[in-house]
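Content type mmCIF, C-alpha atoms, from the file coords33.cif:
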```cif
data_my_file
loop_
_atom_site.label_atom_id
_atom_site.label_comp_id
_atom_site.auth_asym_id
_atom_site.auth_seq_id
_atom_site.Cartn_x
_atom_site.Cartn_y
_atom_site.Cartn_z
CA MET A 33 0.00 0.00 0.00
CA SER A 34 1.35 3.40 -0.98
CA ARG A 35 2.20 6.07 1.59
CA LYS A 36 -0.42 8.40 0.12
CA ARG A 37 -3.14 5.73 0.45
CA LYS A 38 -2.12 5.02 4.05
CA MET A 39 -2.38 8.72 4.90
CA LEU A 40 -5.79 8.91 3.29
CA LEU A 41 -7.04 5.92 5.29
CA LEU A 42 -5.65 7.46 8.49
CA VAL A 43 -7.45 10.73 7.81
CA LEU A 44 -10.71 8.88 7.13
CA TRP A 45 -10.31 6.83 10.29
CA LEU A 46 -9.66 9.92 12.43
CA SER A 47 -12.61 11.69 10.84
CA ALA A 48 -14.86 8.75 11.65
CA LEU A 49 -13.67 8.76 15.27
CA TRP A 50 -14.36 12.49 15.51
CA LEU A 51 -17.88 12.07 14.14
CA LEU A 52 -18.58 9.19 16.52
CA GLU A 53 -17.34 11.25 19.46
CA ARG A 54 -19.60 14.14 18.48
CA TYR A 55 -22.55 11.77 18.10
CA PHE A 56 -22.13 10.22 21.53
CA ARG A 57 -21.52 13.57 23.19
CA SER A 58 -24.67 14.94 21.56
CA ASN A 59 -26.72 11.97 22.71
CA GLN A 60 -25.38 12.21 26.24
CA ALA A 61 -26.13 15.90 26.35
CA GLU A 62 -29.70 15.27 25.27
CA GLU A 63 -30.24 12.31 27.59
CA LEU A 64 -32.88 13.06 30.19
CA GLN A 65 -31.83 12.17 33.71
CA LEU A 66 -34.33 10.26 35.85
CA SER A 67 -34.15 12.85 38.62
CA GLU A 68 -35.27 15.57 36.19
CA TRP A 69 -38.74 14.09 35.68
CA PHE A 70 -39.29 11.35 38.29
CA ASN A 71 -39.78 11.86 42.03
CA PRO A 72 -40.37 8.58 43.90
CA ARG A 73 -40.82 10.41 47.20
CA LYS A 74 -44.17 11.75 45.98
CA ARG A 75 -45.70 8.31 46.53
CA PRO A 76 -44.35 6.80 49.76
CA ASP A 77 -47.38 4.49 49.92
CA VAL A 78 -46.28 2.31 46.99
CA VAL A 79 -43.20 0.76 45.37
CA THR A 80 -41.78 3.44 43.08
CA THR A 81 -38.28 2.13 42.32
CA THR A 82 -37.14 -1.44 41.71
CA SER A 83 -34.04 -3.08 43.13
CA TRP A 84 -32.37 -2.49 39.74
CA HIS A 85 -33.31 1.24 39.88
CA ALA A 86 -36.06 1.19 37.26
CA PRO A 87 -38.93 3.65 37.88
CA VAL A 88 -42.44 2.42 38.64
CA ILE A 89 -44.87 4.94 37.17
CA TRP A 90 -47.70 6.03 39.45
CA GLU A 91 -49.82 9.14 39.30
CA GLY A 92 -47.91 11.94 40.98
CA THR A 93 -44.41 10.54 40.47
CA PHE A 94 -43.64 12.07 37.08
CA ARG A 95 -43.42 15.55 35.57
CA ARG A 96 -45.11 15.29 32.19
CA GLN A 97 -44.08 18.80 31.10
CA VAL A 98 -40.39 17.90 31.41
CA LEU A 99 -40.91 14.69 29.49
CA GLU A 100 -42.87 16.52 26.79
CA ARG A 101 -40.07 19.03 26.22
CA HIS A 102 -37.60 16.18 25.88
CA TYR A 103 -39.60 13.94 23.54
CA ARG A 104 -40.94 16.72 21.32
CA LYS A 105 -37.38 17.29 20.13
CA ARG A 106 -37.12 13.68 18.96
CA ASN A 107 -40.01 13.88 16.48
CA LEU A 108 -41.32 10.47 17.55
CA THR A 109 -43.65 8.06 15.84
CA LEU A 110 -45.29 5.55 18.18
CA GLY A 111 -47.00 2.25 17.51
CA LEU A 112 -49.84 0.45 19.27
CA ALA A 113 -50.72 -3.11 18.25
CA VAL A 114 -53.96 -4.87 19.17
CA PHE A 115 -55.26 -8.31 18.29
CA ALA A 116 -58.97 -8.99 17.85
CA THR A 117 -60.85 -12.01 16.58
CA GLY A 118 -64.38 -13.35 16.64
CA SER A 119 -66.75 -12.07 19.31
CA LEU A 120 -63.93 -10.22 21.08
CA ALA A 121 -63.50 -7.99 18.05
CA ASP A 122 -67.23 -7.48 17.69
CA GLN A 123 -67.63 -6.46 21.32
CA TYR A 124 -64.39 -4.68 22.24
CA LEU A 125 -62.53 -3.40 19.19
CA GLU A 126 -64.52 -0.21 18.63
CA PRO A 127 -64.37 1.05 22.26
CA PHE A 128 -60.68 0.17 22.42
CA LEU A 129 -59.82 2.14 19.28
CA LEU A 130 -62.07 5.07 20.20
CA SER A 131 -60.46 5.43 23.62
CA ALA A 132 -56.93 4.87 22.27
CA ASN A 133 -57.46 7.51 19.59
CA LYS A 134 -58.41 9.97 22.31
CA TYR A 135 -56.04 9.14 25.15
CA PHE A 136 -52.98 7.23 23.88
CA MET A 137 -49.99 9.52 23.27
CA ALA A 138 -52.14 12.53 22.43
CA GLY A 139 -50.32 15.03 20.22
CA TYR A 140 -47.85 12.48 18.81
CA ARG A 141 -47.85 10.51 15.58
CA VAL A 142 -49.32 7.09 16.28
CA VAL A 143 -49.75 4.09 14.00
CA PHE A 144 -52.44 1.68 15.19
CA TYR A 145 -51.68 -1.86 14.04
CA VAL A 146 -54.84 -3.97 14.14
CA LEU A 147 -54.58 -7.73 13.56
CA VAL A 148 -57.99 -9.23 12.86
CA ASP A 149 -59.48 -12.34 11.28
CA SER A 150 -61.78 -10.32 9.00
CA ALA A 151 -61.85 -6.77 7.67
CA ASP A 152 -65.62 -6.78 8.28
CA ARG A 153 -64.93 -6.49 12.02
CA LEU A 154 -63.27 -3.10 11.67
CA PRO A 155 -65.39 -0.18 12.90
CA GLU A 156 -65.59 3.02 10.91
CA LEU A 157 -63.72 5.68 12.85
CA GLY A 158 -62.44 9.14 12.09
CA TRP A 159 -58.70 9.55 12.57
CA GLY A 160 -56.85 12.80 13.14
CA PRO A 161 -53.88 14.01 11.06
CA LEU A 162 -51.39 12.41 13.49
CA ARG A 163 -53.21 9.06 13.59
CA ARG A 164 -52.98 6.23 11.10
CA LEU A 165 -54.46 2.74 10.95
CA GLU A 166 -52.79 -0.33 9.47
CA VAL A 167 -54.75 -3.55 9.26
CA PHE A 168 -53.35 -7.08 9.00
CA ILE A 169 -55.73 -9.93 8.21
CA ILE A 170 -54.84 -13.20 9.95
CA PRO A 171 -56.71 -16.20 8.47
CA ASP A 172 -59.19 -17.95 10.77
CA GLU A 173 -57.32 -21.25 10.77
CA ASP A 174 -54.16 -19.55 12.04
CA TRP A 175 -55.96 -18.40 15.20
CA LEU A 176 -57.18 -21.89 16.05
CA PHE A 177 -53.76 -23.41 16.72
CA ASP A 178 -52.63 -21.23 19.63
CA PHE A 179 -54.03 -17.74 19.99
CA HIS A 180 -51.10 -16.25 21.89
CA LEU A 181 -48.38 -17.90 19.87
CA ARG A 182 -50.04 -16.90 16.61
CA ARG A 183 -50.66 -13.30 17.61
CA MET A 184 -47.12 -12.82 18.88
CA SER A 185 -45.50 -14.51 15.91
CA SER A 186 -47.69 -12.44 13.58
CA LEU A 187 -46.59 -9.25 15.33
CA GLY A 188 -42.97 -10.39 15.12
CA GLN A 189 -43.28 -10.92 11.38
CA ARG A 190 -44.74 -7.43 10.96
CA ILE A 191 -42.00 -5.87 13.06
CA VAL A 192 -39.35 -7.42 10.82
CA SER A 193 -41.16 -6.62 7.57
CA GLY A 194 -41.89 -2.99 8.29
CA ILE A 195 -42.88 -1.83 11.77
CA GLN A 196 -39.30 -1.51 13.00
CA GLY A 197 -38.67 1.14 10.38
CA GLN A 198 -41.90 3.02 11.06
CA VAL A 199 -41.99 3.62 14.81
CA ASP A 200 -39.60 4.50 17.63
CA PHE A 201 -41.58 2.72 20.35
CA LEU A 202 -44.15 -0.05 20.06
CA PHE A 203 -46.78 -1.25 22.53
CA SER A 204 -48.93 -4.36 22.43
CA MET A 205 -52.27 -4.43 24.25
CA THR A 206 -55.32 -6.67 24.53
CA VAL A 207 -58.56 -5.56 22.96
CA THR A 208 -60.58 -5.90 26.17
CA GLN A 209 -58.96 -2.77 27.58
CA THR A 210 -60.34 0.76 27.44
CA PHE A 211 -58.37 3.95 28.04
CA GLN A 212 -59.93 6.10 30.77
CA SER A 213 -57.48 9.02 30.77
CA GLU A 214 -54.25 10.13 29.14
CA VAL A 215 -51.43 7.64 28.76
CA GLY A 216 -48.53 9.70 27.54
CA VAL A 217 -44.78 9.83 27.22
CA GLU A 218 -44.28 8.82 30.86
CA ALA A 219 -44.89 5.27 29.58
CA LEU A 220 -42.06 5.32 27.03
CA GLY A 221 -38.98 3.21 27.68
CA THR A 222 -36.61 0.70 26.16
CA LEU A 223 -38.50 -2.24 27.71
CA VAL A 224 -41.76 -1.45 29.50
CA ALA A 225 -43.70 -3.94 31.63
CA GLN A 226 -47.10 -3.75 33.29
CA LEU A 227 -47.47 -4.71 36.96
CA HIS A 228 -50.40 -7.05 37.43
CA GLY A 229 -53.13 -5.21 39.32
CA TRP A 230 -54.18 -8.24 41.34
CA TRP A 231 -50.81 -9.77 42.16
CA TYR A 232 -49.09 -6.48 42.98
CA PHE A 233 -50.92 -6.50 46.31
CA LYS A 234 -50.09 -10.13 47.11
CA ASP A 235 -47.07 -11.77 48.71
CA ARG A 236 -44.40 -12.76 46.20
CA ARG A 237 -44.46 -16.32 47.47
CA SER A 238 -47.98 -16.70 46.11
CA PHE A 239 -47.21 -15.45 42.58
CA PRO A 240 -48.48 -17.92 39.94
CA TYR A 241 -45.11 -18.37 38.25
CA GLU A 242 -44.42 -21.53 36.30
CA ARG A 243 -42.69 -23.78 38.84
CA ARG A 244 -42.10 -26.97 36.84
CA PRO A 245 -38.32 -27.22 36.31
CA ALA A 246 -38.75 -28.80 32.87
CA SER A 247 -40.55 -25.73 31.54
CA ALA A 248 -38.69 -22.90 29.82
CA ALA A 249 -40.93 -20.51 31.79
CA CYS A 250 -39.86 -21.87 35.18
CA ILE A 251 -38.98 -19.40 37.93
CA PRO A 252 -37.83 -21.39 40.99
CA PHE A 253 -39.37 -20.84 44.40
CA GLY A 254 -37.73 -17.97 46.25
CA GLN A 255 -36.92 -16.09 43.05
CA GLY A 256 -38.72 -13.45 41.02
CA ASP A 257 -39.37 -9.74 41.42
CA PHE A 258 -42.95 -8.88 40.41
CA TYR A 259 -45.78 -10.55 38.57
CA TYR A 260 -46.31 -8.87 35.22
CA ASP A 261 -49.55 -8.61 33.25
CA GLY A 262 -49.41 -9.68 29.62
CA ALA A 263 -52.15 -7.22 28.66
CA PHE A 264 -49.79 -4.24 28.22
CA VAL A 265 -46.14 -4.49 27.18
CA GLY A 266 -43.88 -2.37 25.03
CA GLY A 267 -40.56 -0.74 24.31
CA THR A 268 -38.44 -0.29 21.23
CA PRO A 269 -39.41 -2.53 18.30
CA GLN A 270 -36.14 -4.43 18.75
CA GLU A 271 -36.90 -5.17 22.41
CA VAL A 272 -40.45 -6.29 21.63
CA LEU A 273 -39.05 -8.52 18.91
CA GLY A 274 -36.58 -10.00 21.41
CA LEU A 275 -39.45 -10.80 23.77
CA ILE A 276 -41.43 -12.45 20.98
CA ASP A 277 -38.44 -14.53 19.92
CA ALA A 278 -37.81 -15.72 23.49
CA TYR A 279 -41.50 -16.56 23.95
CA SER A 280 -41.63 -18.53 20.70
CA ARG A 281 -38.52 -20.50 21.64
CA GLY A 282 -39.92 -21.13 25.11
CA VAL A 283 -43.22 -22.44 23.78
CA THR A 284 -41.42 -24.69 21.29
CA HIS A 285 -39.24 -26.07 24.08
CA ASP A 286 -42.25 -26.79 26.28
CA LEU A 287 -44.24 -28.46 23.52
CA ARG A 288 -41.34 -30.82 22.87
CA ALA A 289 -41.28 -31.59 26.59
CA GLY A 290 -45.03 -32.25 26.64
CA LEU A 291 -45.76 -29.06 28.60
CA ASN A 292 -48.11 -26.19 27.90
CA SER A 293 -47.34 -23.10 29.98
CA THR A 294 -49.22 -19.83 29.47
CA TYR A 295 -48.08 -16.76 27.57
CA GLU A 296 -48.10 -14.70 30.75
CA LYS A 297 -45.81 -17.14 32.55
CA HIS A 298 -43.33 -17.11 29.67
CA LEU A 299 -43.51 -13.30 29.72
CA ASN A 300 -42.71 -13.27 33.43
CA LYS A 301 -39.73 -15.54 32.88
CA TYR A 302 -38.39 -13.27 30.14
CA LEU A 303 -38.79 -10.16 32.30
CA PHE A 304 -37.13 -11.96 35.19
CA LEU A 305 -34.07 -12.63 33.04
CA ARG A 306 -34.17 -9.31 31.16
CA ARG A 307 -35.51 -6.84 33.64
CA PRO A 308 -37.61 -3.99 32.25
CA THR A 309 -36.27 -0.45 32.19
CA LYS A 310 -39.65 0.98 33.22
CA LEU A 311 -42.67 -0.47 35.01
CA LEU A 312 -46.25 0.73 34.76
CA SER A 313 -48.25 0.63 37.98
CA PRO A 314 -51.65 -1.13 38.28
CA GLU A 315 -53.20 2.25 37.40
CA TYR A 316 -52.39 1.43 33.77
CA ASN A 317 -54.50 -1.75 33.72
CA TRP A 318 -57.08 -2.05 36.46
CA ASP A 319 -59.93 -4.58 36.43
CA ALA A 320 -63.11 -2.57 35.83
CA GLU A 321 -65.10 -4.97 38.01
CA LEU A 322 -63.00 -4.27 41.10
CA TYR A 323 -63.16 -1.12 43.20
CA PRO A 324 -59.62 0.31 43.20
CA PRO A 325 -57.75 0.48 46.53
CA ARG A 326 -56.44 3.80 47.86
CA GLN A 327 -53.05 3.21 46.20
CA VAL A 328 -54.68 3.28 42.75
CA GLN A 329 -55.52 6.98 42.67
CA TRP A 330 -56.25 7.29 38.96
CA VAL A 331 -57.30 4.43 36.68
CA LYS A 332 -55.76 5.18 33.29
CA VAL A 333 -56.70 1.92 31.56
CA ALA A 334 -59.59 -0.33 32.55
CA GLN A 335 -59.68 -4.03 31.81
CA ARG A 336 -63.23 -4.82 30.66
CA SER A 337 -63.07 -8.56 31.04
CA LYS A 338 -61.71 -11.02 33.58
CA ARG A 339 -60.33 -13.04 30.70
CA ARG A 340 -56.54 -12.70 30.59
CA PHE A 341 -54.48 -13.06 27.42
#
```
Would you mind writing the file out in structure tokens?
Amino acid sequence: MSRKRKMLLLVLWLSALWLLERYFRSNQAEELQLSEWFNPRKRPDVVTTTSWHAPVIWEGTFRRQVLERHYRKRNLTLGLAVFATGSLADQYLEPFLLSANKYFMAGYRVVFYVLVDSADRLPELGWGPLRRLEVFIIPDEDWLFDFHLRRMSSLGQRIVSGIQGQVDFLFSMTVTQTFQSEVGVEALGTLVAQLHGWWYFKDRRSFPYERRPASAACIPFGQGDFYYDGAFVGGTPQEVLGLIDAYSRGVTHDLRAGLNSTYEKHLNKYLFLRRPTKLLSPEYNWDAELYPPRQVQWVKVAQRSKRRF
């Protein structure tokens, strides 16, 4: 290699290092510190910080104005995926979409990804300029095999084929939920989990984890942090895809072993091994049939059915 070519490569290499340094410095300068928007002392009556220092979002613990100033600069596009089939779609899809259109990430661009078994089940709704609907038809026979496995694998396929290039953060919810008030940027995070409204108030020793050692979802007795609800989960598309991949591999492992553990138990195992960066309190998914305790000051999302997905 000639001396001139070596010098050129050196200059290019140094230029690349300089650009990388500027990039990381810029990102660090723009990074929002937890203490700037989150105050756990505002809610001494509940768990507000995990043992791994992740925030637990309750009403009163966050400063939405600070978060808004930060996220507005990022020009975000957010995604919300929901799965609806049969009578569930007929009964719940319209109220879910109506409430989500009103309360989910108001003022931000949102793509609603609806996976249904028939386009006839879609309600006619008016969407604002920042709201967009994408519909994926999943054939009836694909739902019959395993509802949870099919819906998660379908979402994974869509993430790979397009969603990951469309949105910055993606959430997956069940159709039996209804937004009651604003769910905004306080819910954004790299990997976001929902604390189960019922099990949050119970002793950890009673959590319904999978305990069979042969199962990929097994969490041994004496271990585990919280019990997470599968009705509301999110994060970056890459993190959601990682969860789906782990769940699919776990289900495959269990089927080969003659076991059949639930989606929620596999989810809890994944979040035990890969702890979430942000947790949503039971205020973000409270059973509408239960009167909320004093700790649940503001129900943001109501679960309209006892059926868990």
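Shortest separation to A:Ala113 among A:Glu91, A:Glu166, A:Glu156, A:Asp77 occurs at residue A:Glu166, atoms counted being all atoms listed in the file.
Residue selection for this entry, given the PyMOL selection byres ((chain A and resi 112) around 7), comprises A:Leu110, A:Gly111, A:Ala113, A:Val114, A:Val143, A:Phe144, A:Tyr145, A:Leu202, A:Phe203, A:Ser204.
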Resolved residues for the PyMOL selection byres ((chain A and resi 213) around 8) as a PDB file with C-alpha atoms, keeping the file's coordinate frame:
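So selection-v2.pdb came out as:
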```pdb
ATOM      1  CA  TYR A 135     -56.040   9.140  25.150  1.00  0.00           C
ATOM      2  CA  PHE A 211     -58.370   3.950  28.040  1.00  0.00           C
ATOM      3  CA  GLN A 212     -59.930   6.100  30.770  1.00  0.00           C
ATOM      4  CA  GLU A 214     -54.250  10.130  29.140  1.00  0.00           C
ATOM      5  CA  VAL A 215     -51.430   7.640  28.760  1.00  0.00           C
ATOM      6  CA  VAL A 331     -57.300   4.430  36.680  1.00  0.00           C
ATOM      7  CA  LYS A 332     -55.760   5.180  33.290  1.00  0.00           C
ATOM      8  CA  VAL A 333     -56.700   1.920  31.560  1.00  0.00           C
TER       9      VAL A 333
END
```
As an exercise, work out the distance from atom CA of A:Ala320 to atom CA of A:Tyr260 in Å and give it to one decimal place. 18.0 Å
I'd like the residues picked by the PyMOL selection byres ((chain A and resi 264) around 8) written out as a PyMOL selection string, using the chain letters and numbers from the file. chain A and resi 203-206+225-226+261-263+265-266+317
Give the answer as one residue: which of A:Ala132, A:Val192, A:Leu181, A:Val217 has the shortest atom-to-atom distance to A:Ile89, using all atoms listed in the file?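 Going through A:Ala132, A:Val192, A:Leu181, A:Val217 one by one, the smallest distance to A:Ile89 is for A:Val217.
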At a cut-off of 12 Å, can you tabulate as a Markdown table every residue of stretch 236-324 of chain A near stretch 78-85 of chain A together with its closest atom pair and the distance in Å to one decimal, using all atoms listed in the file and ordering rows by chain then number?
```
| residue | atom | partner | partner_atom | distance |
| --- | --- | --- | --- | --- |
| A:Gly256 | CA | A:Ser83 | CA | 11.6 |
| A:Asp257 | CA | A:Thr82 | CA | 8.6 |
| A:Phe258 | CA | A:Thr82 | CA | 9.5 |
| A:Phe304 | CA | A:Trp84 | CA | 11.5 |
| A:Arg306 | CA | A:Trp84 | CA | 11.1 |
| A:Arg307 | CA | A:Trp84 | CA | 8.1 |
| A:Pro308 | CA | A:Trp84 | CA | 9.3 |
| A:Thr309 | CA | A:His85 | CA | 8.4 |
| A:Lys310 | CA | A:Thr82 | CA | 9.2 |
| A:Leu311 | CA | A:Thr82 | CA | 8.7 |
| A:Leu312 | CA | A:Thr80 | CA | 9.8 |
| A:Ser313 | CA | A:Thr80 | CA | 8.7 |
| A:Pro314 | CA | A:Val78 | CA | 10.8 |
| A:Glu315 | CA | A:Val78 | CA | 11.8 |
```
Per residue of stretch 261-329 of chain A within 8 Å of stretch 233-242 of chain A, which atom pair is closest and at what distance in Å (one decimal), using only C-alpha atoms, listed by chain and increasing number, as a Markdown table?
```
| residue | atom | partner | partner_atom | distance |
| --- | --- | --- | --- | --- |
| A:Ser293 | CA | A:Glu242 | CA | 7.1 |
| A:Lys297 | CA | A:Tyr241 | CA | 5.9 |
| A:Asn300 | CA | A:Tyr241 | CA | 7.4 |
```
